[in-house]
Amino acid sequence: QKEVEQNSGPLSVPEGAIASLNCTYSDRGSQSFFWYRQYSGKSPELIMSIYSNGDKEDGRFTAQLNKASQYVSLLIRDSQPSDSATYLCAANQAGTALIFGKGTTLSVSS
Amino acid sequence: SAVISQKPSRDICQRGTSLTIQCQVDSQVTMMFWYRQQPGQSLTLIATANQGSEATYESGFVIDKFPISRPNLTFSTLTVSNMSPEDSSIYLCSVGVGGFKNIQYFGAGTRLSVL
């Protein structure tokens with residue numbers, strides 16, 4: 001059974017702090033890894049993709065991948081109240097559907 | 001990216017009836033998927049909609065309950081048949097783009113309530 005695991009949270013951080021979200025996956029054959037943001041009542045929105053070991057930065061977001069540890073993380077710098085949402089980690093092999101974790105709820109207080 | 005139009009956006013249905021959800025993409029895509037998101041839960045894959053052949057269903061989902069059509073590379077439908085209150089959920093259409101990167105984008109979803 002292919003699984004993606006996340007802490008459900010909630011993760012609470014003050015405005016301006018760094019939020020750190022973590023995820024592990026069970027399928028060693030996974031090749032692509034994604035972070036989606038989902039606001040309440042909305043559909044998931046892709047914010048980061050990562051395919052190789054190391055860090056990938058995009059604005060305030062940094063995704064980190066460690067295939068040996070089967071671990072993916074997302075750092076959000078300078079967190080804003082508008083970042084308050086559920087963050088979904090997902091993984092797949094080429095040509096297959098994404099498998100999602102249960103999501104981590106982030107709350108950023110002003 | 002891809003622009004995905006999904007409809008209806010929401011519906012309230014009676015027990016025992018069926019609802020067909022439509023998903024239209026603005027470009028041809030090989031991979032289309034249907035997910036369910038129950039209240040407070042993450043996304044669960046229902047099936048992969050294959051153009052020109054039967055959909056591939058995940059464990060726990062069957063064709064009689066969730067028939068899927070994929071007549072071409074830009075369109076798919078999911079029918080929720082013989083509905084019960086347990087089918088109340090958000091149903092999401094997703095497409096895979098970007099070749100080997102297989103990035104998935106989602107439609108806005110259909111919020112279904114079964115009375």
# chains A, B, ... in the order shown; residues from 1 in each chain; ligands from 1

call {"tool": "residues_around", "arguments": {"residues": "Trp35 of chain A", "least_positions_apart": "4", "cutoff": "6 Å", "atoms": "only C-alpha atoms", "output": "list in words"}}
result
Ile47, Met48, Leu88 and Cys89 of chain A

call {"tool": "interface_residues", "arguments": {"of": "chain A", "to": "chain B", "cutoff": "7 Å", "atoms": "only C-alpha atoms", "output": "list in words"}}
result
Ser32, Lys42, Ser43, Pro44, Ala94, Gly95, Phe100, Gly101, Lys102 and Gly103 of chain A

call {"tool": "residues_around", "arguments": {"residues": "segment 68-80 of chain A", "least_positions_apart": "4", "cutoff": "9 Å", "atoms": "only C-alpha atoms", "output": "PyMOL selection string"}}
result
chain A and resi 13-28+33-35+48+50+53+59-64+84+89+108-110

call {"tool": "residues_around", "arguments": {"residues": "Ser69 of chain B", "least_positions_apart": "4", "cutoff": "7 Å", "atoms": "only C-alpha atoms", "output": "PyMOL selection string"}}
result
chain B and resi 76-78

call {"tool": "write_last_selection", "arguments": {"atoms": "N, CA, C and O atoms", "output": "compact mmCIF listing (two decimals), in the first residue's frame"}}
result
# COMPACT_ATOMS: atom_id res chain seq x y z
N SER B 76 -14.32 14.38 -19.67
CA SER B 76 -14.64 13.17 -18.92
C SER B 76 -15.85 13.43 -18.05
O SER B 76 -16.14 14.59 -17.68
N THR B 77 -16.59 12.38 -17.75
CA THR B 77 -17.68 12.49 -16.78
C THR B 77 -17.54 11.41 -15.72
O THR B 77 -17.03 10.31 -15.99
N LEU B 78 -18.00 11.74 -14.53
CA LEU B 78 -18.11 10.80 -13.42
C LEU B 78 -19.56 10.80 -12.98
O LEU B 78 -20.13 11.88 -12.73

call {"tool": "atom_distance", "arguments": {"atom1": "atom CA of Arg37 of chain A", "atom2": "atom CA of Val114 of chain B"}}
result
27.3 Å

call {"tool": "atom_distance", "arguments": {"atom1": "atom CA of Thr74 of chain B", "atom2": "atom CA of Gln6 of chain B"}}
result
11.9 Å

call {"tool": "closest_residue", "arguments": {"among": "A:Ser107, A:Gln1, A:Ser30, A:Ser40", "to": "Asn92 of chain A", "atoms": "only C-alpha atoms"}}
result
A:Ser30

call {"tool": "select_by_dssp", "arguments": {"residues": "chain A", "states": "strand (DSSP E)", "output": "number ranges by chain"}}
result
A: 4-6, 11-14, 19-25, 32-38, 45-50, 54-58, 61-66, 71-76, 85-92, 99-100, 104-109

call {"tool": "atom_distance", "arguments": {"atom1": "atom CA of Gly52 of chain B", "atom2": "atom CA of Asn72 of chain B"}}
result
7.4 Å
